[in-house]
Amino acid sequence: MKQIEKSINLLGALYDECVCVLGAEAKELSPERGSEIYKLLNDSYPFEWWGRINWNMVALKHAIDSMDQISHLIPLESKIYILWSTGPAPILYANSNDILRNIDDVTAVGSDTYLFCPNNFVIEFYHEGEIIIGFGKDRI
């Protein structure tokens with residue numbers, strides 16, 4: 001908890017609010033573990049040079065029009081990594097139910113947000129408003 005409090009002071013109010021609404025069960029990863037998860041995400045899905053997932057190369061994907069759709073596509077008790085494309089925010093690990101219930105606070109921390117469940121799915125919240133979920137590692 002001390003490390004989360006230290007990060008809150010460095011990262012500001014948006015990260016503070018995100019950690020607060022996700023509750024006590026949310027975990028902040030160490031920088032080393034965070035680097036491993038970023039690498040795993042990059043190895044699991046193809047990325048464009050500017051940082052967006054290349055969805056043309058993902059075989060099984062679905063555009064999301066409303067948050068209600070997500071709850072029908074993933075298990076509600078999944079443990080998910082939260083990654084942001086910019087800034088110093090560490091990776092958080094939290095319950096999907098808590099994340100989806102507080103998605104506005106989660107996506108406010110960085111410009112692009114990724115909810116990543118290794119070997120299962122990734123959800124990209126692109127800064128221009130598009131939300132896409134991709135399943136598995138199958139590529140075209």
# chains A, B, ... in the order shown; residues from 1 in each chain; ligands from 1
call {"tool": "select_by_dssp", "arguments": {"residues": "region 45-77 of chain A", "states": "helix (DSSP H, G or I)", "output": "NGL selection string"}}
result
:A and (55-57 or 67-73)
call {"tool": "residues_around", "arguments": {"residues": "Ile70 (chain A)", "least_positions_apart": "3", "cutoff": "9 Å", "atoms": "only C-alpha atoms", "output": "VMD selection string"}}
result
chain A and resid 64 66 to 67 73 to 74 100 123 133
call {"tool": "atom_distance", "arguments": {"atom1": "CA of Glu28 (chain A)", "atom2": "CA of Ile91 (chain A)"}}
result
6.0 Å
call {"tool": "closest_atom_pairs", "arguments": {"of": "region 84-116 of chain A", "to": "region 41-58 of chain A", "cutoff": "12 Å", "atoms": "only C-alpha atoms", "output": "tab-separated table"}}
result
residue	atom	partner	partner_atom	distance
A:Trp84	CA	A:Gly51	CA	10.7
A:Ser85	CA	A:Gly51	CA	7.3
A:Thr86	CA	A:Gly51	CA	9.7
A:Ser111	CA	A:Gly51	CA	11.0
A:Asp112	CA	A:Arg52	CA	8.4
A:Thr113	CA	A:Arg52	CA	10.2
A:Tyr114	CA	A:Leu41	CA	9.2
A:Leu115	CA	A:Leu41	CA	10.0
A:Phe116	CA	A:Leu41	CA	7.3
call {"tool": "write_last_selection", "arguments": {"atoms": "C-alpha atoms", "output": "compact mmCIF listing (two decimals), in the first residue's frame"}}
result
# COMPACT_ATOMS: atom_id res chain seq x y z
CA TRP A 84 -1.82 3.02 -20.52
CA SER A 85 0.02 4.06 -23.67
CA THR A 86 1.49 7.26 -22.28
CA SER A 111 -4.66 8.70 -23.77
CA ASP A 112 -5.04 5.06 -24.86
CA THR A 113 -5.99 2.32 -22.40
CA TYR A 114 -5.58 -1.44 -22.76
CA LEU A 115 -7.37 -4.03 -20.64
CA PHE A 116 -5.31 -7.17 -21.08
call {"tool": "residues_around", "arguments": {"residues": "region 29-37 of chain A", "least_positions_apart": "5", "cutoff": "8 Å", "atoms": "only C-alpha atoms", "output": "ChimeraX atom specification"}}
result
/A:90-93
call {"tool": "closest_residue", "arguments": {"among": "A:Ile131, A:Ile103, A:Val122, A:Cys117", "to": "Glu17 (chain A)", "atoms": "only C-alpha atoms"}}
result
A:Ile103
call {"tool": "select_by_dssp", "arguments": {"residues": "region 5-124 of chain A", "states": "strand (DSSP E)", "output": "MDAnalysis selection string"}}
result
chainID A and resid 27:28 61:64 79:84 92:95 113:117 121:124
call {"tool": "residues_around", "arguments": {"residues": "Phe135 (chain A)", "least_positions_apart": "3", "cutoff": "9 Å", "atoms": "only C-alpha atoms", "output": "ChimeraX atom specification"}}
result
/A:58-62,119-123,138
call {"tool": "closest_residue", "arguments": {"among": "A:Ile132, A:Leu40, A:Ala63, A:Leu83", "to": "Ala108 (chain A)", "atoms": "only C-alpha atoms"}}
result
A:Leu83
call {"tool": "closest_residue", "arguments": {"among": "A:Pro88, A:Ala13, A:His72, A:Ile80", "to": "Lys27 (chain A)", "atoms": "only C-alpha atoms"}}
result
A:Ile80
call {"tool": "residues_around", "arguments": {"residues": "Asn95 (chain A)", "least_positions_apart": "4", "cutoff": "10 Å", "atoms": "only C-alpha atoms", "output": "number ranges by chain"}}
result
A: 22-23, 25-27, 76-81, 99-100
call {"tool": "atom_distance", "arguments": {"atom1": "CA of Asp68 (chain A)", "atom2": "CA of Tyr126 (chain A)"}}
result
17.6 Å
